[in-house]
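Novice: This structure is in structure tokens; I'll ask about it shortly.
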Amino acid sequence: MMRIQRTSLTLTILGVLLPIATGLAQAQGQDPGETNRKTYVISGSVGLAGVKMQIHGFPKELVTDSRGTYTVNVPEGWAGEVRPAKDGYEFSPAAMRYTPVKKDYTEENFRARVVTFTISGKTGVAGAVMKGLPGDPITDTNGSYSVTVDYGWTRRVVPVKEGHTFKPAQQIYQAVTRSYTDQDYKASVLTYTLSGHAGIAGVEMRGLPGHVVTDRDGHYRVEIPYGWSGTVAPTKRGCRFEPARRNYSRVRADMQGQDYEVVSLKVATPSSLGGGRPAVLVIPTSGVVDAQVVAQMEEDMQVMLEILRDRLSESRMDLGGLIDYGDFFGGQSGEALYLEGYGVVFVMTVDFPLSFPSEQASEGEPEREVDPVWQRARQKLRSPSIKYRYGAGRRSAAAEGISLEEFQKELVEALRHAANVRHIASSDRIILTVIGQDERGVYGYRGSAGAYGGGYGGGSRSASGGSSGRGRGRTYAHSETYNTRGDGLVQTSSGDGDGNVKRNALGDVIYEARRAGAGPTVLTMQTTKADVDAYATGEIDVEQFRSRVKVLSY
């Protein structure tokens, strides 16, 4: 009886302990509170080691192994999400969500992607290599660049292009965690110095960048860009240089001592064309002359003198004719002088006083689209069969009533033809001087003279003037004594006692005393080549041109 009771007690205790032991075994590896419940497996791959797998309801951290895999047991009925996380990476999908779990979930895989950022900006120049950035990108035609870098990227970036410098010279990036835009640089082209000596001042160094002109000592200096190529030719009117030009190809260093030598040519002298053609004189100030340029200028000045002579000889301008100085000027009826850097002066001498009745001026000649006058005068000048006669005369019937204003207008109109004179700068002056006869008469001069610019060696000469046919109609006899000092000045005295006359070596007569009431004997008109060109091309009309011409009479 007692044995039966002990056996029953033992079975009772075992019946109580066995369920307890079984429950403890099932609880191992499960979350608290999940005892006596069935569990399921969730597993998969992320492809990256060390990824934290954040699981709802599991406080313990779960990390992917070296193969990038993970495994977790969840109790039956569990609901939540599994979310991978690692700095510098993004995952797809971002998380996986589960409703109450009633089965195992394997192959729950994620795809990892490195987080990237953009670095971009401008350098201001195309073709610059951005060394240090991934792939060493090159700036496009706009000088722009853009590149992608990984999370945490660290590097120094240096823009490089041959012949250029950049500011800043470099930029350093440390552990990038964001994008960087507007990472700009300022590019500057390397420059070199090209310098030398051209011999004289005012030489234009054509071909060099900008407007380069030698200074007063003949030196020049200019900054040229890296890799510059070109041809440099020193240019100055009336000058020729040796070498005539220098060629440069892809300059990559300073170029010093790029000198030129001025080649001196024969200095021009007054033309000696004969046949009664006008005398012209070109005076250079640079010390050298281009013979071809001088010849062209002399020809143009002679043509202009021919135009002026024809204009003064027209019927409405025929107030007596031009003075013939005879052998003194070789029968020439006018003179022209060009002084480099100043301008050209045309001098015409007529045998009538510049005094006119006061009347309303007539309208000027209409502007021509072409310049046939210039062509006709050139043809006459070159034709050996045409003879010119000038001398004392009288006022024609058509010219008796012409006013001083009309006379001036005619001459102003004639100035337009000076636009054809070559090699004159736009800033140079164009001056026309008409010397008229004093009321007392005009001096005629016969004899011979020395060369331009020199004085007489000494001696004496007598001359007689002709009567004018007007005014007092008297003939003047006078004597001259040459200055032996060679300064070109001579003194003459008139034979009628009205006053002294001073004449220089060129035969110019200056009246030191005039009869009271005599009209003006000199008329001077002055303008610029720029205004003449503007009038000739129609940029300004005749009235505007007249307003720009300065007129003096005395």
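Simple scheme: letters A, B, ... for chains in structure tokens order, numbers from 1 for residues in each chain, numbers from 1 for ligands in the order shown.
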For Arg221 (chain A), find every residue with an atom within 7 Å (counting only C-alpha atoms), except residues of its own chain fewer than 3 positions away, and show them as a VMD selection string.
Specialist: chain A and resid 193 to 196
Novice: Export, as a PDB file, in the first residue's frame, the selected residues with C-alpha atoms.
Specialist:
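Listing of selection-v3.pdb after writing:
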ATOM      1  CA  THR A 193      57.194  90.272 -73.307  1.00  0.00           C
ATOM      2  CA  LEU A 194      58.136  91.114 -76.876  1.00  0.00           C
ATOM      3  CA  SER A 195      60.319  94.196 -77.085  1.00  0.00           C
ATOM      4  CA  GLY A 196      62.891  95.911 -79.235  1.00  0.00           C
TER       5      GLY A 196
END
Novice: Would you mind writing down, as JSON, numbers by chain, each residue of region 159-271 of chain A that DSSP on the backbone assigns to strand (DSSP E or B)?
Specialist: {"A": [159, 160, 164, 165, 166, 167, 171, 172, 173, 180, 186, 187, 188, 189, 191, 192, 193, 194, 195, 196, 197, 204, 205, 206, 213, 219, 220, 221, 222, 223, 224, 225, 230, 231, 232, 233, 234, 235, 240, 241, 242, 246, 247, 248, 255, 261, 262, 263]}
Novice: Those residues with C-alpha atoms, as an mmCIF file, in the first residue's frame please?
Specialist:
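Final file, again-v6.cif:
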data_model
loop_
_atom_site.group_PDB
_atom_site.id
_atom_site.type_symbol
_atom_site.label_atom_id
_atom_site.label_comp_id
_atom_site.auth_asym_id
_atom_site.auth_seq_id
_atom_site.Cartn_x
_atom_site.Cartn_y
_atom_site.Cartn_z
ATOM 1 C CA PRO A 159 43.197 72.550 -62.818
ATOM 2 C CA VAL A 160 45.873 72.342 -65.522
ATOM 3 C CA HIS A 164 47.421 79.138 -68.295
ATOM 4 C CA THR A 165 47.404 79.775 -64.577
ATOM 5 C CA PHE A 166 44.420 79.408 -62.251
ATOM 6 C CA LYS A 167 43.138 80.995 -59.088
ATOM 7 C CA GLN A 171 41.099 72.868 -53.830
ATOM 8 C CA ILE A 172 41.175 70.081 -51.217
ATOM 9 C CA TYR A 173 38.179 67.889 -50.328
ATOM 10 C CA TYR A 180 29.809 70.795 -54.003
ATOM 11 C CA LYS A 186 39.686 81.974 -62.710
ATOM 12 C CA ALA A 187 41.951 81.194 -65.645
ATOM 13 C CA SER A 188 44.622 83.599 -66.861
ATOM 14 C CA VAL A 189 46.696 83.233 -70.004
ATOM 15 C CA THR A 191 51.973 86.297 -71.203
ATOM 16 C CA TYR A 192 55.439 87.050 -72.414
ATOM 17 C CA THR A 193 57.194 90.272 -73.307
ATOM 18 C CA LEU A 194 58.136 91.114 -76.876
ATOM 19 C CA SER A 195 60.319 94.196 -77.085
ATOM 20 C CA GLY A 196 62.891 95.911 -79.235
ATOM 21 C CA HIS A 197 63.941 99.085 -81.004
ATOM 22 C CA GLU A 204 53.485 101.529 -85.769
ATOM 23 C CA MET A 205 54.336 97.890 -85.064
ATOM 24 C CA ARG A 206 51.621 96.348 -87.189
ATOM 25 C CA VAL A 213 53.810 102.504 -81.469
ATOM 26 C CA HIS A 219 61.559 101.588 -78.304
ATOM 27 C CA TYR A 220 58.498 99.359 -78.153
ATOM 28 C CA ARG A 221 57.284 96.758 -75.676
ATOM 29 C CA VAL A 222 54.142 94.639 -75.624
ATOM 30 C CA GLU A 223 52.708 91.680 -73.716
ATOM 31 C CA ILE A 224 51.774 88.754 -75.957
ATOM 32 C CA PRO A 225 49.767 85.653 -74.958
ATOM 33 C CA GLY A 230 51.846 86.375 -86.157
ATOM 34 C CA THR A 231 53.837 88.638 -88.430
ATOM 35 C CA VAL A 232 55.140 92.007 -87.245
ATOM 36 C CA ALA A 233 55.898 94.763 -89.759
ATOM 37 C CA PRO A 234 57.165 98.186 -88.604
ATOM 38 C CA THR A 235 55.357 100.922 -90.523
ATOM 39 C CA ARG A 240 61.601 101.534 -94.801
ATOM 40 C CA PHE A 241 62.958 99.021 -92.296
ATOM 41 C CA GLU A 242 65.353 96.125 -92.283
ATOM 42 C CA ARG A 246 59.460 89.269 -88.469
ATOM 43 C CA ASN A 247 57.448 86.054 -88.222
ATOM 44 C CA TYR A 248 56.577 84.443 -84.884
ATOM 45 C CA MET A 255 61.288 87.813 -76.927
ATOM 46 C CA GLU A 261 67.018 99.231 -88.639
ATOM 47 C CA VAL A 262 65.730 102.236 -90.537
ATOM 48 C CA VAL A 263 67.011 102.129 -94.094
#
Novice: Could you jot down the CA of Pro209 (chain A) to CA of Arg237 (chain A) separation for me, Å, one decimal place?
Specialist: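 So the answer is 20.6 Å.
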Novice: Which residue gives the smallest distance to Val72 (chain A) among A:Thr521, A:Ser43, A:Thr285, A:Ser92, with only C-alpha atoms counted?
Specialist: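 Counting only C-alpha atoms, the residue closest to Val72 (chain A) is A:Ser43.
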Novice: Rounded to one decimal in Å, what is the spacing between CA of Val551 (chain A) and CA of Pro284 (chain A)?
Specialist: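 Pair CA of Val551 (chain A) / CA of Pro284 (chain A) returns 27.1 Å.
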Novice: Determine the nearest neighbour of Asp259 (chain A) from the options A:Thr139, A:Gln170, A:Thr64, A:Thr214, counting only C-alpha atoms.
Specialist: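 Distance minimum relative to Asp259 (chain A) lands on A:Thr214.
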Novice: Can you list, as a ChimeraX atom specification, every protein, DNA or RNA residue that comes within 7 Å of Val46 (chain A) when you count only C-alpha atoms, leaving out same-chain residues fewer than 2 positions away?
Specialist: /A:48,68-69,109-112
Novice: Can you work out which one of A:Thr99, A:Thr39, A:Gln183, A:Thr154 has the shortest atom-to-atom distance to Met130 (chain A), counting only C-alpha atoms?
Specialist: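 Nearest candidate to Met130 (chain A) out of A:Thr99, A:Thr39, A:Gln183, A:Thr154: A:Gln183.
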